[in-house]
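One structure is given below, encoded as structure tokens.
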Amino acid sequence: MISKAQVKFIRLLHQKKYRSSNLLFIAEGSKIAVDILDSRLKVHKIYATAAWLAENKHILEQHEGIEANEVMPEEMEKISALDTPQDVLMLVAIPESKKISADDKAKIMLVADSIRDPGNLGTIVRICDWYGIEQLFCSEDCAEIYNPKTVRATMGSIGRVEVVYTDIKGLIENNKTYKSYAATLNGHINVHKINKTGPVMLVIGNEAHGVSEEILSLCDDTIMIPRIGGAESLNASIATAVLVDNLIRIGN
């Protein structure tokens, strides 16, 4: 059973201001839950059906200090942010903000400029995880990483990629060892023909307006994905995957 007070508290965490004040966020779904349990993040509480608790007993035994509460499916509906609730919901501690610093050993520094769609941002985090990029730098006006939609889109990668919100103008100016490229539709450099000789900073822009003029002016150059067909543009996360894949391939 879950109390009315617990239901109310969890539902409040659907809102950003309560996530910020309580330093907790919601993660739903078995894949995400298992990944987070095995990550750097600290799980505060687990709410799950009897079936999920039984199926994952061996995993939970490795995390004995975490409170796991059994709930009925109809109770899960009351606390879930999903139209179709999953078998498990976690309350996860928002990690303490660290001093902003780039990993000077990273071959690629990925920067998101005003990415507003939670799904896009979550997918970009997942792309970082796939390619071994451990940090994603975001402008302050990007979508919130702890929004339930963003968390779901990361598919568990939120536990392995550090997302840092910062002034990206200062980030570019203070990391001149990186060759900085802004991704644009008509970039000066074709990513298939780039001659990469050192660490690269890749800036991905807003879904509708691209990289801001101020940030464009600070970057060393612009980069593009050659268009072969008739599509007007690419989704921001898809463009990120294509660009990162090519930059990593060229660098190896």
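Residues are named by chain letter and number: chains run A, B, ... in the order of the structure tokens, numbers start at 1 in each chain, and ligands are numbered from 1 in the order shown.
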
task: Could you please write out, as a PyMOL selection string, every residue of stretch 38-251 of chain A that DSSP assigns to helix (DSSP H, G or I)?
output: chain A and resi 50-55+57-63+73-79+118-130+148-154+157-159+168-173+191-193+213-218+236-251

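If you measure from each of A:Ile127, A:Ile215, A:Ala93, A:Ile59 to A:Ile168 using only C-alpha atoms, the closest one turns out to be A:Ile215.
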
- request: Find, counting only C-alpha atoms, the residue in A:Asn206, A:Asn69, A:Thr240, A:Asn175 that gets nearest to A:Ala143.
  value: A:Asn206

DSSP strand (DSSP E or B) residues within stretch 21-235 of chain A, listed as a PyMOL selection string: chain A and resi 24-28+43-48+67-70+88-93+108-112+135-139+162-166+179-183+189-190+200-204+206+210+221-224

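You can rank A:Ala183, A:Ile2, A:Ala153, A:Val163 by their closest distance to A:Pro118 using only C-alpha atoms, and at the top of that list sits A:Ala153.
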
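Around A:Ile194, within 9 Å and counting only C-alpha atoms, the residues found are Ile189, Asn190, Val191, Ile223, Leu247 and Ile250 of chain A, once anything fewer than 3 positions away on its own chain is removed.
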
Could those selected residues go to a file with N, CA, C and O atoms, as a PDB file, in the first residue's frame?
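selection32.pdb, written as the output of this step:
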```
ATOM      1  N   ILE A 189      31.988  23.287 -43.715  1.00  0.00           N
ATOM      2  CA  ILE A 189      32.740  22.033 -43.841  1.00  0.00           C
ATOM      3  C   ILE A 189      31.797  20.840 -43.915  1.00  0.00           C
ATOM      4  O   ILE A 189      30.911  20.673 -43.079  1.00  0.00           O
ATOM      5  N   ASN A 190      31.990  20.006 -44.904  1.00  0.00           N
ATOM      6  CA  ASN A 190      31.261  18.746 -45.043  1.00  0.00           C
ATOM      7  C   ASN A 190      31.855  17.750 -44.047  1.00  0.00           C
ATOM      8  O   ASN A 190      33.055  17.486 -44.067  1.00  0.00           O
ATOM      9  N   VAL A 191      31.034  17.198 -43.156  1.00  0.00           N
ATOM     10  CA  VAL A 191      31.562  16.311 -42.122  1.00  0.00           C
ATOM     11  C   VAL A 191      32.241  15.077 -42.715  1.00  0.00           C
ATOM     12  O   VAL A 191      33.121  14.480 -42.097  1.00  0.00           O
ATOM     13  N   ILE A 223      29.828  23.281 -39.569  1.00  0.00           N
ATOM     14  CA  ILE A 223      29.910  21.937 -40.118  1.00  0.00           C
ATOM     15  C   ILE A 223      28.520  21.483 -40.534  1.00  0.00           C
ATOM     16  O   ILE A 223      27.520  21.885 -39.928  1.00  0.00           O
ATOM     17  N   LEU A 247      32.727  12.150 -36.740  1.00  0.00           N
ATOM     18  CA  LEU A 247      33.884  12.749 -36.060  1.00  0.00           C
ATOM     19  C   LEU A 247      34.701  11.685 -35.317  1.00  0.00           C
ATOM     20  O   LEU A 247      35.938  11.752 -35.312  1.00  0.00           O
ATOM     21  N   ILE A 250      36.581   9.530 -37.979  1.00  0.00           N
ATOM     22  CA  ILE A 250      37.737  10.254 -38.540  1.00  0.00           C
ATOM     23  C   ILE A 250      38.872  10.307 -37.523  1.00  0.00           C
ATOM     24  O   ILE A 250      40.047  10.229 -37.869  1.00  0.00           O
TER      25      ILE A 250
END
```

Stretch 18-32 of chain A surroundings by only C-alpha atoms, 7 Å radius, close-in-sequence under 2 positions cut, as a count of residues only: 21

- request: Would you mind reading off the distance between atom CA of A:Lys169 and atom CA of A:Ala236, one decimal, in Å?
  value: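 Interatomic distance here is 20.0 Å.
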
- request: Tell me which of A:Leu110, A:Gly229, A:Asn174, A:Leu234 sits closest to A:Met201, counting only C-alpha atoms.
  value: A:Leu110

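If you measure from each of A:Tyr47, A:His192, A:Tyr181, A:Trp52 to A:Thr222 using only C-alpha atoms, the closest one turns out to be A:Tyr181.
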
Among listed residues A:Ala106, A:Ala231, A:Leu121, A:Ala112, nearest A:Gly205 (using only C-alpha atoms):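 So, comparing all the options, the nearest one is A:Ala112.
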
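Across the model, the gap from atom CA of A:Cys128 to atom CA of A:Ile115 is 15.0 Å.
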
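Of note, atom CA of A:Gln6 and atom CA of A:Ile79 are spaced 8.8 Å apart.
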